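A.B. asks: One structure coming up, written as structure tokens, with questions to follow.
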Amino acid sequence: MPLVARTRGRDRALGSRGTLMALCQAAGLPVASACSGRGACARCIMTVLSGMAALSHPGARERRLLTRVGAGPDQRIGCQCRIADPSGDVEITTGYW
Ligand code: FES
């Protein structure tokens, strides 16, 4: 179970192939966005509760967005970040789930 979304209602196990945003949406979890996942708005920002090492390294676009919004070290841009190590467990959440 590589990716788990922690929500107020119930936790959901997600897949491991695709961006965090795409995996959440495929599981029926809404993800805030004003750019449809093109890496321009940062509204899809997510908090990584555990498993940061199993995620892809942030590319230039994601690093720019994280800097722009003053993200903490436990935050990633959902439409830019992927599972890099499918054997690792990752837990994510947002402020609105
Ligand atoms: S949806 Fe806009 S940056 Fe991710």
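Residues in the structure tokens are numbered from 1 in each chain, the chains being A, B, ... in the order shown, and ligands are numbered from 1 in the order shown.
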Quick one: residues within 7 Å of Gly88 of chain A, only C-alpha atoms, excluding same-chain residues fewer than 6 positions away - as number ranges by chain?

C.D. replies: A: 2, 51, 54

A.B. asks: Restricting it to N, CA and C atoms, dump the selection as an mmCIF file, in the first residue's frame.

C.D. replies:
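Printed below is again.cif as written:
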```cif
data_model
loop_
_atom_site.group_PDB
_atom_site.id
_atom_site.type_symbol
_atom_site.label_atom_id
_atom_site.label_comp_id
_atom_site.auth_asym_id
_atom_site.auth_seq_id
_atom_site.Cartn_x
_atom_site.Cartn_y
_atom_site.Cartn_z
ATOM 1 N N PRO A 2 1.418 1.619 -1.134
ATOM 2 C CA PRO A 2 2.413 2.684 -1.141
ATOM 3 C C PRO A 2 1.872 4.064 -0.802
ATOM 4 N N GLY A 51 6.982 9.256 4.590
ATOM 5 C CA GLY A 51 7.406 8.627 3.339
ATOM 6 C C GLY A 51 7.964 9.567 2.296
ATOM 7 N N ALA A 54 10.221 8.288 -0.486
ATOM 8 C CA ALA A 54 9.702 7.447 -1.569
ATOM 9 C C ALA A 54 9.144 8.269 -2.728
#
```

A.B. asks: Sorted by chain and rising residue number, which residues of chain A lie within 9 Å of ligand 1, and what are their closest atom pairs and distances in Å to one decimal, counting only C-alpha atoms and all ligand atoms, as JSON lines?

C.D. replies:
```
{"residue": "A:Met21", "atom": "CA", "partner": "ligand 1", "partner_atom_place_in_ligand_line": "4 (Fe)", "distance": 7.5}
{"residue": "A:Val31", "atom": "CA", "partner": "ligand 1", "partner_atom_place_in_ligand_line": "1 (S)", "distance": 7.7}
{"residue": "A:Ala32", "atom": "CA", "partner": "ligand 1", "partner_atom_place_in_ligand_line": "1 (S)", "distance": 6.6}
{"residue": "A:Ser33", "atom": "CA", "partner": "ligand 1", "partner_atom_place_in_ligand_line": "1 (S)", "distance": 4.0}
{"residue": "A:Ala34", "atom": "CA", "partner": "ligand 1", "partner_atom_place_in_ligand_line": "2 (Fe)", "distance": 5.4}
{"residue": "A:Cys35", "atom": "CA", "partner": "ligand 1", "partner_atom_place_in_ligand_line": "2 (Fe)", "distance": 4.3}
{"residue": "A:Ser36", "atom": "CA", "partner": "ligand 1", "partner_atom_place_in_ligand_line": "1 (S)", "distance": 5.1}
{"residue": "A:Gly37", "atom": "CA", "partner": "ligand 1", "partner_atom_place_in_ligand_line": "1 (S)", "distance": 3.6}
{"residue": "A:Arg38", "atom": "CA", "partner": "ligand 1", "partner_atom_place_in_ligand_line": "2 (Fe)", "distance": 5.6}
{"residue": "A:Gly39", "atom": "CA", "partner": "ligand 1", "partner_atom_place_in_ligand_line": "3 (S)", "distance": 3.5}
{"residue": "A:Ala40", "atom": "CA", "partner": "ligand 1", "partner_atom_place_in_ligand_line": "3 (S)", "distance": 4.4}
{"residue": "A:Cys41", "atom": "CA", "partner": "ligand 1", "partner_atom_place_in_ligand_line": "2 (Fe)", "distance": 3.9}
{"residue": "A:Ala42", "atom": "CA", "partner": "ligand 1", "partner_atom_place_in_ligand_line": "3 (S)", "distance": 3.8}
{"residue": "A:Arg43", "atom": "CA", "partner": "ligand 1", "partner_atom_place_in_ligand_line": "2 (Fe)", "distance": 5.5}
{"residue": "A:Cys44", "atom": "CA", "partner": "ligand 1", "partner_atom_place_in_ligand_line": "4 (Fe)", "distance": 4.5}
{"residue": "A:Ile45", "atom": "CA", "partner": "ligand 1", "partner_atom_place_in_ligand_line": "4 (Fe)", "distance": 6.9}
{"residue": "A:Glu62", "atom": "CA", "partner": "ligand 1", "partner_atom_place_in_ligand_line": "3 (S)", "distance": 8.0}
{"residue": "A:Leu65", "atom": "CA", "partner": "ligand 1", "partner_atom_place_in_ligand_line": "3 (S)", "distance": 7.4}
{"residue": "A:Ile77", "atom": "CA", "partner": "ligand 1", "partner_atom_place_in_ligand_line": "4 (Fe)", "distance": 5.8}
{"residue": "A:Gly78", "atom": "CA", "partner": "ligand 1", "partner_atom_place_in_ligand_line": "4 (Fe)", "distance": 5.7}
{"residue": "A:Cys79", "atom": "CA", "partner": "ligand 1", "partner_atom_place_in_ligand_line": "4 (Fe)", "distance": 4.3}
{"residue": "A:Gln80", "atom": "CA", "partner": "ligand 1", "partner_atom_place_in_ligand_line": "4 (Fe)", "distance": 6.6}
```

A.B. asks: Produce a file of the selected residues containing C-alpha atoms, as an mmCIF file, in the first residue's frame.

C.D. replies:
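Wrote out.cif, looks like this:
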```cif
data_model
loop_
_atom_site.group_PDB
_atom_site.id
_atom_site.type_symbol
_atom_site.label_atom_id
_atom_site.label_comp_id
_atom_site.auth_asym_id
_atom_site.auth_seq_id
_atom_site.Cartn_x
_atom_site.Cartn_y
_atom_site.Cartn_z
ATOM 1 C CA MET A 21 -2.954 14.611 -7.772
ATOM 2 C CA VAL A 31 -7.742 18.209 -5.350
ATOM 3 C CA ALA A 32 -7.744 22.002 -5.473
ATOM 4 C CA SER A 33 -6.498 23.378 -8.770
ATOM 5 C CA ALA A 34 -6.672 26.513 -10.859
ATOM 6 C CA CYS A 35 -4.411 25.279 -13.653
ATOM 7 C CA SER A 36 -5.722 21.748 -14.276
ATOM 8 C CA GLY A 37 -2.482 20.178 -13.110
ATOM 9 C CA ARG A 38 -0.105 22.132 -15.321
ATOM 10 C CA GLY A 39 2.139 23.209 -12.465
ATOM 11 C CA ALA A 40 1.200 26.874 -12.443
ATOM 12 C CA CYS A 41 -1.077 27.558 -9.466
ATOM 13 C CA ALA A 42 0.252 25.551 -6.466
ATOM 14 C CA ARG A 43 -3.287 25.046 -5.199
ATOM 15 C CA CYS A 44 -2.751 21.295 -5.298
ATOM 16 C CA ILE A 45 -0.161 21.521 -2.545
ATOM 17 C CA GLU A 62 7.897 22.234 -8.526
ATOM 18 C CA LEU A 65 6.156 26.732 -6.909
ATOM 19 C CA ILE A 77 2.958 20.036 -5.313
ATOM 20 C CA GLY A 78 0.467 17.275 -6.021
ATOM 21 C CA CYS A 79 0.417 17.597 -9.785
ATOM 22 C CA GLN A 80 4.205 17.520 -10.051
#
```

A.B. asks: Return the single residue from A:Ala71, A:Gly9, A:Asp85, A:Val4 that is closest to Leu23 of chain A, with distances computed using only C-alpha atoms.

C.D. replies: A:Val4

A.B. asks: Quick check for you: according to DSSP on this backbone, which residues of segment 16-97 of chain A are classed as strand (DSSP E)? Reply as a list in words.

C.D. replies: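 Matching residues, listed in order: Ile45, Met46, Thr47, Val48, Leu49, Ser50, Gln75, Arg76, Ile77, Val90, Glu91, Ile92 and Thr93 of chain A.
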
A.B. asks: Contacts of Pro86 of chain A at 10 Å or less, counting only C-alpha atoms, minus same-chain residues fewer than 5 places along, as JSON, numbers by chain?

C.D. replies: {"A": [1, 2, 3, 15, 16, 17, 54, 55]}

A.B. asks: Taking the chain letters and numbering used in this document, name the residues of chain A that DSSP puts in helix (DSSP H, G or I), as number ranges by chain.

C.D. replies: A: 20-26, 52-54, 60-68

A.B. asks: Would you mind exporting all heavy atoms of the selected residues as a CSV table (one decimal), in the first residue's frame?

C.D. replies:
```csv
chain,number,residue,atom,x,y,z
A,20,LEU,N,0.6,12.5,-7.6
A,20,LEU,CA,-0.2,12.4,-6.4
A,20,LEU,C,-1.6,12.9,-6.7
A,20,LEU,O,-2.6,12.4,-6.3
A,20,LEU,CB,0.4,13.2,-5.2
A,20,LEU,CG,1.8,12.8,-4.8
A,20,LEU,CD1,2.2,13.6,-3.5
A,20,LEU,CD2,1.9,11.3,-4.5
A,21,MET,N,-1.7,14.0,-7.4
A,21,MET,CA,-3.0,14.6,-7.8
A,21,MET,C,-3.8,13.6,-8.6
A,21,MET,O,-5.0,13.4,-8.3
A,21,MET,CB,-2.7,15.9,-8.6
A,21,MET,CG,-4.0,16.6,-9.0
A,21,MET,SD,-3.6,18.1,-9.9
A,21,MET,CE,-5.2,18.7,-10.3
A,22,ALA,N,-3.2,13.0,-9.6
A,22,ALA,CA,-4.0,12.1,-10.4
A,22,ALA,C,-4.4,10.8,-9.6
A,22,ALA,O,-5.5,10.4,-9.8
A,22,ALA,CB,-3.1,11.6,-11.6
A,23,LEU,N,-3.6,10.4,-8.7
A,23,LEU,CA,-3.9,9.2,-7.9
A,23,LEU,C,-5.1,9.6,-7.0
A,23,LEU,O,-6.0,8.8,-6.8
A,23,LEU,CB,-2.7,8.8,-7.1
A,23,LEU,CG,-1.6,8.1,-8.0
A,23,LEU,CD1,-0.3,8.0,-7.1
A,23,LEU,CD2,-2.0,6.8,-8.5
A,24,CYS,N,-5.1,10.8,-6.4
A,24,CYS,CA,-6.2,11.2,-5.5
A,24,CYS,C,-7.4,11.3,-6.3
A,24,CYS,O,-8.5,10.8,-5.9
A,24,CYS,CB,-5.8,12.5,-4.9
A,24,CYS,SG,-4.5,12.4,-3.7
A,25,GLN,N,-7.4,12.0,-7.5
A,25,GLN,CA,-8.6,12.1,-8.3
A,25,GLN,C,-9.1,10.8,-8.7
A,25,GLN,O,-10.4,10.6,-8.8
A,25,GLN,CB,-8.3,13.1,-9.4
A,25,GLN,CG,-8.0,14.5,-9.0
A,25,GLN,CD,-7.6,15.4,-10.1
A,25,GLN,OE1,-6.9,15.0,-11.1
A,25,GLN,NE2,-7.9,16.7,-10.0
A,26,ALA,N,-8.3,9.9,-9.1
A,26,ALA,CA,-8.7,8.6,-9.5
A,26,ALA,C,-9.5,7.8,-8.4
A,26,ALA,O,-10.3,7.0,-8.6
A,26,ALA,CB,-7.6,7.7,-10.0
A,52,MET,N,8.4,10.7,2.7
A,52,MET,CA,8.9,11.7,1.7
A,52,MET,C,10.0,11.1,0.8
A,52,MET,O,10.1,11.4,-0.4
A,52,MET,CB,9.5,12.9,2.4
A,52,MET,CG,9.9,14.1,1.5
A,52,MET,SD,8.6,14.9,0.7
A,52,MET,CE,8.1,16.1,1.9
A,53,ALA,N,10.8,10.2,1.4
A,53,ALA,CA,11.9,9.6,0.6
A,53,ALA,C,11.5,8.7,-0.5
A,53,ALA,O,12.2,8.5,-1.4
A,53,ALA,CB,12.8,8.8,1.6
A,54,ALA,N,10.2,8.3,-0.5
A,54,ALA,CA,9.7,7.4,-1.6
A,54,ALA,C,9.1,8.3,-2.7
A,54,ALA,O,8.7,7.7,-3.7
A,54,ALA,CB,8.6,6.5,-1.0
A,60,ALA,N,12.4,21.5,-11.4
A,60,ALA,CA,12.6,22.9,-11.4
A,60,ALA,C,11.2,23.6,-11.2
A,60,ALA,O,11.1,24.6,-10.4
A,60,ALA,CB,13.3,23.4,-12.7
A,61,ARG,N,10.2,23.1,-11.9
A,61,ARG,CA,8.9,23.8,-11.9
A,61,ARG,C,8.3,23.6,-10.4
A,61,ARG,O,7.8,24.6,-9.9
A,61,ARG,CB,7.9,23.1,-12.9
A,61,ARG,CG,6.6,23.7,-12.8
A,61,ARG,CD,5.6,23.0,-13.8
A,61,ARG,NE,6.2,23.0,-15.1
A,61,ARG,CZ,5.7,23.7,-16.1
A,61,ARG,NH1,4.8,24.6,-15.9
A,61,ARG,NH2,6.2,23.7,-17.3
A,62,GLU,N,8.4,22.4,-9.9
A,62,GLU,CA,7.9,22.2,-8.5
A,62,GLU,C,8.7,23.1,-7.5
A,62,GLU,O,8.1,23.6,-6.6
A,62,GLU,CB,7.9,20.7,-8.1
A,62,GLU,CG,7.3,20.5,-6.8
A,62,GLU,CD,7.2,19.1,-6.3
A,62,GLU,OE1,7.7,18.2,-7.0
A,62,GLU,OE2,6.6,18.9,-5.3
A,63,ARG,N,10.0,23.1,-7.7
A,63,ARG,CA,10.8,23.9,-6.7
A,63,ARG,C,10.4,25.4,-6.8
A,63,ARG,O,10.3,26.0,-5.7
A,63,ARG,CB,12.3,23.7,-7.0
A,63,ARG,CG,12.8,22.3,-6.7
A,63,ARG,CD,14.4,22.3,-6.6
A,63,ARG,NE,15.0,22.9,-7.8
A,63,ARG,CZ,15.3,22.1,-8.9
A,63,ARG,NH1,15.1,20.8,-8.9
A,63,ARG,NH2,15.9,22.7,-9.9
A,64,ARG,N,10.2,25.9,-8.0
A,64,ARG,CA,9.7,27.3,-8.1
A,64,ARG,C,8.4,27.5,-7.4
A,64,ARG,O,8.2,28.5,-6.7
A,64,ARG,CB,9.6,27.7,-9.6
A,64,ARG,CG,10.9,28.1,-10.2
A,64,ARG,CD,10.6,28.8,-11.5
A,64,ARG,NE,9.9,28.0,-12.5
A,64,ARG,CZ,10.4,27.2,-13.4
A,64,ARG,NH1,11.7,27.0,-13.4
A,64,ARG,NH2,9.7,26.5,-14.2
A,65,LEU,N,7.5,26.6,-7.6
A,65,LEU,CA,6.2,26.7,-6.9
A,65,LEU,C,6.3,26.6,-5.4
A,65,LEU,O,5.7,27.4,-4.7
A,65,LEU,CB,5.2,25.7,-7.4
A,65,LEU,CG,4.7,25.8,-8.8
A,65,LEU,CD1,3.9,24.6,-9.3
A,65,LEU,CD2,3.7,27.0,-8.9
A,66,LEU,N,7.1,25.7,-4.9
A,66,LEU,CA,7.2,25.5,-3.5
A,66,LEU,C,7.8,26.8,-2.9
A,66,LEU,O,7.4,27.2,-1.8
A,66,LEU,CB,8.1,24.3,-3.2
A,66,LEU,CG,7.4,22.9,-3.5
A,66,LEU,CD1,8.5,21.8,-3.4
A,66,LEU,CD2,6.3,22.6,-2.5
A,67,THR,N,8.8,27.3,-3.5
A,67,THR,CA,9.4,28.6,-3.1
A,67,THR,C,8.4,29.7,-3.1
A,67,THR,O,8.3,30.5,-2.1
A,67,THR,CB,10.6,28.9,-3.9
A,67,THR,OG1,11.6,27.9,-3.8
A,67,THR,CG2,11.3,30.2,-3.5
A,68,ARG,N,7.7,29.8,-4.2
A,68,ARG,CA,6.7,30.9,-4.3
A,68,ARG,C,5.7,30.9,-3.2
A,68,ARG,O,5.3,32.0,-2.7
A,68,ARG,CB,6.0,30.8,-5.7
A,68,ARG,CG,5.1,32.0,-6.0
A,68,ARG,CD,4.6,31.9,-7.4
A,68,ARG,NE,3.4,31.2,-7.4
A,68,ARG,CZ,2.8,30.6,-8.5
A,68,ARG,NH1,3.4,30.7,-9.7
A,68,ARG,NH2,1.7,30.0,-8.4
```

A.B. asks: Can you pull out every residue within 6 Å of Thr47 of chain A, counting only C-alpha atoms, but drop anything in the same chain fewer than 2 positions away, and send it as a list in words?

C.D. replies: Asp74, Gln75, Ile92, Thr93 and Thr94 of chain A

A.B. asks: Give me a file of those residues, with N, CA, C and O atoms, as a PDB file, in the first residue's frame.

C.D. replies:
```pdb
ATOM      1  N   ASP A  74       7.687  19.600   4.497  1.00  0.00           N
ATOM      2  CA  ASP A  74       6.815  18.431   4.398  1.00  0.00           C
ATOM      3  C   ASP A  74       5.733  18.615   3.332  1.00  0.00           C
ATOM      4  O   ASP A  74       4.770  17.851   3.296  1.00  0.00           O
ATOM      5  N   GLN A  75       5.886  19.590   2.473  1.00  0.00           N
ATOM      6  CA  GLN A  75       4.859  19.849   1.466  1.00  0.00           C
ATOM      7  C   GLN A  75       5.375  19.605   0.049  1.00  0.00           C
ATOM      8  O   GLN A  75       6.555  19.840  -0.239  1.00  0.00           O
ATOM      9  N   ILE A  92      -0.291  11.090   2.814  1.00  0.00           N
ATOM     10  CA  ILE A  92      -0.476  12.495   2.460  1.00  0.00           C
ATOM     11  C   ILE A  92      -1.803  13.002   2.994  1.00  0.00           C
ATOM     12  O   ILE A  92      -2.703  12.221   3.285  1.00  0.00           O
ATOM     13  N   THR A  93      -1.913  14.316   3.091  1.00  0.00           N
ATOM     14  CA  THR A  93      -3.181  14.924   3.430  1.00  0.00           C
ATOM     15  C   THR A  93      -3.204  16.336   2.877  1.00  0.00           C
ATOM     16  O   THR A  93      -2.202  16.831   2.343  1.00  0.00           O
ATOM     17  N   THR A  94      -4.360  16.968   2.970  1.00  0.00           N
ATOM     18  CA  THR A  94      -4.513  18.378   2.598  1.00  0.00           C
ATOM     19  C   THR A  94      -5.279  19.063   3.721  1.00  0.00           C
ATOM     20  O   THR A  94      -5.780  18.396   4.635  1.00  0.00           O
TER      21      THR A  94
END
```
